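Peer 1: Got a structure for you, target_1.pdb, holding PDB, C-alpha atoms, pLDDT in the B column.
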```
ATOM      1  CA  MET A  19     -11.288 147.260   7.986  1.00 91.00           C
ATOM      2  CA  SER A  20      -9.628 150.696   7.967  1.00 92.00           C
ATOM      3  CA  ILE A  21      -7.598 152.042  10.864  1.00 95.00           C
ATOM      4  CA  GLY A  22     -10.302 154.620  11.536  1.00 94.00           C
ATOM      5  CA  GLN A  23     -12.965 151.921  11.736  1.00 95.00           C
ATOM      6  CA  ASP A  24     -10.679 149.812  13.908  1.00 95.00           C
ATOM      7  CA  TRP A  25     -10.305 152.742  16.337  1.00 97.00           C
ATOM      8  CA  LEU A  26     -14.068 153.279  16.718  1.00 98.00           C
ATOM      9  CA  ALA A  27     -14.449 150.940  19.706  1.00 97.00           C
ATOM     10  CA  GLU A  28     -11.636 152.713  21.570  1.00 97.00           C
ATOM     11  CA  TYR A  29     -13.006 156.124  20.567  1.00 98.00           C
ATOM     12  CA  ASP A  30     -16.473 155.187  21.801  1.00 98.00           C
ATOM     13  CA  GLN A  31     -15.106 153.862  25.107  1.00 98.00           C
ATOM     14  CA  GLU A  32     -12.891 156.868  25.816  1.00 98.00           C
ATOM     15  CA  MET A  33     -15.612 159.344  24.894  1.00 98.00           C
ATOM     16  CA  ALA A  34     -18.156 157.519  27.092  1.00 98.00           C
ATOM     17  CA  LYS A  35     -15.693 157.659  30.002  1.00 98.00           C
ATOM     18  CA  THR A  36     -15.101 161.346  29.383  1.00 98.00           C
ATOM     19  CA  ARG A  37     -18.842 162.016  29.381  1.00 98.00           C
ATOM     20  CA  LYS A  38     -19.150 160.214  32.734  1.00 98.00           C
ATOM     21  CA  VAL A  39     -16.602 162.611  34.175  1.00 98.00           C
ATOM     22  CA  LEU A  40     -18.183 165.688  32.577  1.00 98.00           C
ATOM     23  CA  GLU A  41     -21.593 164.733  33.958  1.00 98.00           C
ATOM     24  CA  ARG A  42     -20.180 165.125  37.486  1.00 98.00           C
ATOM     25  CA  VAL A  43     -18.955 168.699  36.991  1.00 98.00           C
ATOM     26  CA  PRO A  44     -21.065 171.060  39.114  1.00 97.00           C
ATOM     27  CA  GLU A  45     -22.006 174.379  37.497  1.00 95.00           C
ATOM     28  CA  ASN A  46     -21.466 176.191  40.782  1.00 97.00           C
ATOM     29  CA  LYS A  47     -17.778 175.172  40.631  1.00 97.00           C
ATOM     30  CA  PHE A  48     -17.076 176.331  37.045  1.00 98.00           C
ATOM     31  CA  GLY A  49     -14.946 179.181  38.410  1.00 98.00           C
ATOM     32  CA  TRP A  50     -12.968 176.998  40.829  1.00 98.00           C
ATOM     33  CA  GLN A  51      -9.271 176.493  40.191  1.00 96.00           C
ATOM     34  CA  VAL A  52      -6.718 174.521  42.140  1.00 96.00           C
ATOM     35  CA  HIS A  53      -4.023 177.187  41.718  1.00 96.00           C
ATOM     36  CA  GLU A  54      -3.846 180.658  40.214  1.00 96.00           C
ATOM     37  CA  LYS A  55      -1.749 179.308  37.313  1.00 97.00           C
ATOM     38  CA  SER A  56      -4.197 176.459  36.647  1.00 96.00           C
ATOM     39  CA  ASN A  57      -7.293 176.598  34.492  1.00 96.00           C
ATOM     40  CA  THR A  58     -10.746 176.588  36.055  1.00 98.00           C
ATOM     41  CA  ILE A  59     -13.048 173.594  36.146  1.00 98.00           C
ATOM     42  CA  GLY A  60     -15.276 175.411  33.647  1.00 98.00           C
ATOM     43  CA  TRP A  61     -12.415 175.946  31.215  1.00 98.00           C
ATOM     44  CA  LEU A  62     -11.403 172.308  31.554  1.00 98.00           C
ATOM     45  CA  ALA A  63     -14.971 171.074  30.976  1.00 98.00           C
ATOM     46  CA  ASN A  64     -15.277 173.240  27.868  1.00 98.00           C
ATOM     47  CA  HIS A  65     -11.886 172.045  26.608  1.00 98.00           C
ATOM     48  CA  LEU A  66     -12.908 168.409  27.065  1.00 98.00           C
ATOM     49  CA  SER A  67     -16.091 169.155  25.142  1.00 98.00           C
ATOM     50  CA  GLU A  68     -14.209 170.593  22.183  1.00 98.00           C
ATOM     51  CA  ILE A  69     -11.431 168.019  21.733  1.00 98.00           C
ATOM     52  CA  PRO A  70     -13.547 165.367  19.931  1.00 98.00           C
ATOM     53  CA  GLY A  71     -14.492 168.076  17.432  1.00 96.00           C
ATOM     54  CA  TRP A  72     -10.883 168.217  16.323  1.00 97.00           C
ATOM     55  CA  VAL A  73     -11.264 164.789  14.683  1.00 98.00           C
ATOM     56  CA  THR A  74     -13.281 166.253  11.825  1.00 97.00           C
ATOM     57  CA  GLY A  75     -10.809 169.060  11.163  1.00 97.00           C
ATOM     58  CA  ILE A  76      -7.808 166.749  11.283  1.00 98.00           C
ATOM     59  CA  ILE A  77      -9.456 164.398   8.796  1.00 98.00           C
ATOM     60  CA  THR A  78     -11.045 166.920   6.439  1.00 97.00           C
ATOM     61  CA  GLU A  79      -8.439 169.700   6.390  1.00 97.00           C
ATOM     62  CA  ASP A  80      -4.686 169.647   5.752  1.00 97.00           C
ATOM     63  CA  THR A  81      -3.932 172.449   8.212  1.00 97.00           C
ATOM     64  CA  PHE A  82      -5.415 174.478  11.029  1.00 97.00           C
ATOM     65  CA  ASP A  83      -4.214 177.976  11.815  1.00 97.00           C
ATOM     66  CA  ILE A  84      -4.949 178.932  15.413  1.00 97.00           C
ATOM     67  CA  ALA A  85      -4.332 182.616  14.633  1.00 97.00           C
ATOM     68  CA  PRO A  86      -4.792 183.083  10.889  1.00 97.00           C
ATOM     69  CA  PRO A  87      -3.290 186.246   9.398  1.00 96.00           C
ATOM     70  CA  GLY A  88      -6.075 188.790   9.054  1.00 95.00           C
ATOM     71  CA  GLY A  89      -8.571 186.505  10.813  1.00 95.00           C
ATOM     72  CA  GLU A  90      -9.887 185.828  14.263  1.00 96.00           C
ATOM     73  CA  PRO A  91      -7.751 183.576  16.468  1.00 97.00           C
ATOM     74  CA  PHE A  92      -9.204 180.279  17.609  1.00 95.00           C
ATOM     75  CA  GLN A  93     -11.219 180.490  20.816  1.00 94.00           C
ATOM     76  CA  SER A  94     -12.275 177.583  22.962  1.00 93.00           C
ATOM     77  CA  PRO A  95     -15.941 177.452  23.902  1.00 96.00           C
ATOM     78  CA  ASN A  96     -16.890 179.249  27.106  1.00 97.00           C
ATOM     79  CA  GLU A  97     -20.193 177.690  28.089  1.00 98.00           C
ATOM     80  CA  THR A  98     -21.373 178.394  31.626  1.00 97.00           C
ATOM     81  CA  LYS A  99     -24.054 175.714  31.836  1.00 98.00           C
ATOM     82  CA  LEU A 100     -23.260 172.025  32.091  1.00 98.00           C
ATOM     83  CA  ALA A 101     -26.099 171.146  29.690  1.00 98.00           C
ATOM     84  CA  ALA A 102     -24.445 173.293  27.000  1.00 98.00           C
ATOM     85  CA  VAL A 103     -21.039 171.717  27.647  1.00 98.00           C
ATOM     86  CA  LEU A 104     -22.548 168.231  27.339  1.00 98.00           C
ATOM     87  CA  ALA A 105     -24.475 169.173  24.180  1.00 98.00           C
ATOM     88  CA  ASN A 106     -21.263 170.490  22.605  1.00 98.00           C
ATOM     89  CA  PHE A 107     -19.403 167.359  23.664  1.00 98.00           C
ATOM     90  CA  ASP A 108     -22.106 165.041  22.270  1.00 98.00           C
ATOM     91  CA  ALA A 109     -22.241 166.884  18.933  1.00 98.00           C
ATOM     92  CA  ASN A 110     -18.441 166.816  18.615  1.00 98.00           C
ATOM     93  CA  VAL A 111     -18.244 163.118  19.537  1.00 98.00           C
ATOM     94  CA  ALA A 112     -20.875 162.240  16.909  1.00 98.00           C
ATOM     95  CA  ALA A 113     -19.200 164.300  14.172  1.00 98.00           C
ATOM     96  CA  GLY A 114     -15.775 162.917  15.099  1.00 98.00           C
ATOM     97  CA  ARG A 115     -17.076 159.364  15.017  1.00 98.00           C
ATOM     98  CA  THR A 116     -18.526 159.850  11.542  1.00 98.00           C
ATOM     99  CA  ALA A 117     -15.272 161.365  10.261  1.00 98.00           C
ATOM    100  CA  LEU A 118     -13.156 158.616  11.810  1.00 97.00           C
ATOM    101  CA  ALA A 119     -15.371 155.859  10.394  1.00 97.00           C
ATOM    102  CA  GLY A 120     -15.067 157.288   6.891  1.00 97.00           C
ATOM    103  CA  ALA A 121     -11.333 157.992   6.869  1.00 97.00           C
ATOM    104  CA  SER A 122      -9.205 155.848   4.590  1.00 97.00           C
ATOM    105  CA  ASP A 123      -5.841 154.510   5.716  1.00 97.00           C
ATOM    106  CA  GLU A 124      -4.194 156.538   2.956  1.00 97.00           C
ATOM    107  CA  LEU A 125      -5.743 159.727   4.312  1.00 98.00           C
ATOM    108  CA  LEU A 126      -4.822 158.883   7.922  1.00 98.00           C
ATOM    109  CA  HIS A 127      -1.189 158.345   6.950  1.00 98.00           C
ATOM    110  CA  GLY A 128      -1.145 161.725   5.191  1.00 98.00           C
ATOM    111  CA  SER A 129       0.296 164.857   6.783  1.00 98.00           C
ATOM    112  CA  TRP A 130      -1.527 167.433   8.860  1.00 98.00           C
ATOM    113  CA  SER A 131      -0.090 170.706  10.178  1.00 98.00           C
ATOM    114  CA  MET A 132      -0.957 173.183  12.904  1.00 97.00           C
ATOM    115  CA  LEU A 133      -0.102 176.761  12.133  1.00 98.00           C
ATOM    116  CA  MET A 134      -0.046 180.038  14.014  1.00 97.00           C
ATOM    117  CA  GLY A 135      -0.065 183.226  12.019  1.00 97.00           C
ATOM    118  CA  GLY A 136       0.661 181.233   8.877  1.00 97.00           C
ATOM    119  CA  GLN A 137       3.788 179.652  10.380  1.00 98.00           C
ATOM    120  CA  VAL A 138       3.928 175.886  10.830  1.00 98.00           C
ATOM    121  CA  LEU A 139       4.090 174.866  14.495  1.00 97.00           C
ATOM    122  CA  PHE A 140       4.247 171.156  13.738  1.00 97.00           C
ATOM    123  CA  THR A 141       3.453 168.595  11.069  1.00 98.00           C
ATOM    124  CA  MET A 142       2.659 164.950  11.684  1.00 98.00           C
ATOM    125  CA  SER A 143       0.591 162.229  10.115  1.00 98.00           C
ATOM    126  CA  ARG A 144      -3.130 162.441  10.781  1.00 98.00           C
ATOM    127  CA  ILE A 145      -2.947 159.113  12.589  1.00 97.00           C
ATOM    128  CA  GLU A 146      -0.258 160.485  14.947  1.00 97.00           C
ATOM    129  CA  CYS A 147      -2.222 163.688  15.387  1.00 97.00           C
ATOM    130  CA  LEU A 148      -5.434 161.843  16.285  1.00 98.00           C
ATOM    131  CA  ARG A 149      -3.608 159.614  18.773  1.00 97.00           C
ATOM    132  CA  THR A 150      -1.740 162.502  20.386  1.00 97.00           C
ATOM    133  CA  TRP A 151      -4.128 165.454  20.187  1.00 96.00           C
ATOM    134  CA  VAL A 152      -7.479 163.653  20.498  1.00 97.00           C
ATOM    135  CA  PHE A 153      -7.109 160.325  22.319  1.00 98.00           C
ATOM    136  CA  ASN A 154      -4.126 161.082  24.591  1.00 98.00           C
ATOM    137  CA  HIS A 155      -5.051 164.733  25.070  1.00 98.00           C
ATOM    138  CA  THR A 156      -8.579 163.774  26.150  1.00 98.00           C
ATOM    139  CA  ILE A 157      -7.273 161.212  28.632  1.00 98.00           C
ATOM    140  CA  HIS A 158      -4.766 163.743  30.007  1.00 98.00           C
ATOM    141  CA  HIS A 159      -7.377 166.447  30.635  1.00 98.00           C
ATOM    142  CA  ARG A 160      -9.943 163.937  31.881  1.00 98.00           C
ATOM    143  CA  ALA A 161      -7.424 162.799  34.500  1.00 98.00           C
ATOM    144  CA  ILE A 162      -6.911 166.382  35.617  1.00 98.00           C
ATOM    145  CA  MET A 163     -10.682 166.771  35.912  1.00 98.00           C
ATOM    146  CA  THR A 164     -10.924 163.699  38.151  1.00 97.00           C
ATOM    147  CA  VAL A 165      -8.389 165.326  40.493  1.00 97.00           C
ATOM    148  CA  TYR A 166     -10.433 168.537  40.469  1.00 97.00           C
ATOM    149  CA  LEU A 167     -13.555 166.512  41.302  1.00 97.00           C
ATOM    150  CA  ARG A 168     -11.749 164.737  44.141  1.00 96.00           C
ATOM    151  CA  LEU A 169     -10.470 168.023  45.589  1.00 97.00           C
ATOM    152  CA  ASN A 170     -14.053 169.308  45.594  1.00 97.00           C
ATOM    153  CA  HIS A 171     -15.419 166.182  47.330  1.00 96.00           C
ATOM    154  CA  ILE A 172     -17.349 165.116  44.236  1.00 96.00           C
ATOM    155  CA  PRO A 173     -17.430 161.331  43.739  1.00 95.00           C
ATOM    156  CA  VAL A 174     -15.116 160.263  40.935  1.00 96.00           C
ATOM    157  CA  PRO A 175     -16.638 157.777  38.495  1.00 96.00           C
ATOM    158  CA  GLY A 176     -14.853 154.541  37.728  1.00 94.00           C
ATOM    159  CA  LEU A 177     -13.138 154.656  34.365  1.00 95.00           C
ATOM    160  CA  TYR A 178     -11.055 151.507  33.967  1.00 94.00           C
ATOM    161  CA  GLY A 179     -12.699 149.751  36.889  1.00 92.00           C
ATOM    162  CA  PRO A 180     -14.331 151.041  40.057  1.00 92.00           C
ATOM    163  CA  SER A 181     -13.051 154.212  41.639  1.00 92.00           C
ATOM    164  CA  GLY A 182     -12.419 154.611  45.349  1.00 88.00           C
ATOM    165  CA  ASP A 183     -15.843 156.215  45.538  1.00 89.00           C
ATOM    166  CA  GLU A 184     -17.560 153.249  43.916  1.00 83.00           C
ATOM    167  CA  ASP A 185     -15.930 150.380  45.763  1.00 71.00           C
ATOM    168  CA  GLY A 186     -16.262 151.851  49.245  1.00 57.00           C
ATOM    169  CA  MET A 187     -12.556 152.614  49.750  1.00 53.00           C
TER     170      MET A 187
END
```
Just dump the structure as structure tokens.
Peer 2:
Amino acid sequence: MSIGQDWLAEYDQEMAKTRKVLERVPENKFGWQVHEKSNTIGWLANHLSEIPGWVTGIITEDTFDIAPPGGEPFQSPNETKLAAVLANFDANVAAGRTALAGASDELLHGSWSMLMGGQVLFTMSRIECLRTWVFNHTIHHRAIMTVYLRLNHIPVPGLYGPSGDEDGM
């Protein structure tokens, strides 16, 4: 079994947990932010929806330039309806799963680079990039979203067991 195939169970679990959190995001709070320097709930929901889509690019491309010379800079999605955020998330999860399942160990150990304006920002193995920028990054932003939900009195779903909202605490 390849590393990518071995990671599928974890990928499926983390993406299912992330969807549970996204499903709780109220559209009427998309503009809410905890602090003027913090992103809004809507930005965070859109960001969580896009992260699984990075799997395909990391596996199929050697580089990604977030501001390619002479081209348009990368822009995160800016959906304003929860249904659109969830549809984007679901499509990205499915595409990412397919890419991960088909990735050879040799490919995953190969290098991948992020660029800005043609300049390398960082290079790491695809396996490190997937762990850091997909798995860990998703968990990081999902945790922030659970705090945003809590601050807005929206029940937080259990992720690794029941939450305080689910066990009556």
Peer 1: For each of A:Ile172, A:Leu177, A:Met163, A:Ile76, take the minimum atom-to-atom distance to Ser56 in chain A, counting all atoms listed in the file, then give the residue where this is smallest.
Peer 2: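 Under the stated criterion, the closest residue is A:Met163.
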Peer 1: Can you list every residue of range 124-180 of chain A that has an atom at most 12 Å from range 111-116 of chain A, with its nearest atom pair and the distance in Å to one decimal, using only C-alpha atoms, ordered by chain then number, as a tab-separated table?
Peer 2:
```
residue	atom	partner	partner_atom	distance
A:Leu148	CA	A:Gly114	CA	10.5
A:Val152	CA	A:Gly114	CA	9.9
A:Phe153	CA	A:Gly114	CA	11.6
A:Thr156	CA	A:Val111	CA	11.7
```
Peer 1: Taking the file as shown, find all residues satisfying the PyMOL selection byres ((chain A and resi 131) around 7) and write them as JSON, numbers by chain.
Peer 2: {"A": [80, 81, 82, 129, 130, 132, 133, 138, 140, 141, 142]}
Peer 1: With distances taken over all atoms listed in the file, which of A:Leu125, A:Leu40, A:Ile21, A:Ala85 is nearest to Leu100 in chain A?
Peer 2: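 Smallest distance to Leu100 in chain A is found for A:Leu40.
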Peer 1: From the set A:Asn110, A:Gly71, A:Lys47, A:Ile157, which residue has the shortest atom-to-atom contact distance to Tyr178 in chain A, counting only C-alpha atoms?
Peer 2: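 The closest residue to Tyr178 in chain A is A:Ile157.
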Peer 1: Taking the file as shown, find all residues satisfying the PyMOL selection byres ((chain A and resi 166) around 10) and write them as a ChimeraX atom specification.
Peer 2: /A:43,47,50-52,58-59,62,160-165,167-172,174
Peer 1: Choose the residue, out of A:Gly75, A:Pro70, A:Gly60, A:Gly128, that has the smallest atom-to-atom separation from Asn46 in chain A; count only C-alpha atoms.
Peer 2: A:Gly60
Peer 1: Using only C-alpha atoms, pick whichever of A:Asp123, A:Asp108, A:Glu54, A:Asp185 has the shortest atom-to-atom distance to Ser20 in chain A.
Peer 2: A:Asp123
Peer 1: Going by the chain IDs and residue numbers used in this file, which residues fall under the PyMOL selection byres ((chain A and resi 135) around 12)? Write them as number ranges by chain.
Peer 2: A: 82-92, 132-134, 136-139
Peer 1: Of the candidates A:Ala63, A:Glu124, A:Thr74, A:Lys99, which shows the shortest atom-to-atom distance to Lys38 in chain A, using all atoms listed in the file?
Peer 2: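 Of the candidates, the smallest distance to Lys38 in chain A is held by A:Ala63.
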Peer 1: For Gln23 in chain A, work out the shell of residues within 8 Å, counting all atoms listed in the file and skipping chain neighbours fewer than 6 positions away, then give it as a count of residues only.
Peer 2: 4
Peer 1: Quote the spacing between CA of Arg144 in chain A and CA of His127 in chain A in Å to one decimal place.
Peer 2: 5.9 Å
Peer 1: Can you measure CA of Met19 in chain A to CA of Cys147 in chain A for me? One decimal in Å is fine.
Peer 2: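 Between CA of Met19 in chain A and CA of Cys147 in chain A the gap works out to 20.2 Å.
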Peer 1: If we count all atoms listed in the file and set the cut-off at 12 Å, which residues sit around Ala102 in chain A, ignoring sequence neighbours fewer than 4 positions away in its own chain? Please answer as an NGL selection string.
Peer 2: :A and (40-41 or 45 or 60 or 63-64 or 67-68 or 95-98 or 106-109)
Peer 1: How many Å separate CA of His155 in chain A from CA of Gly176 in chain A?
Peer 2: 19.0 Å
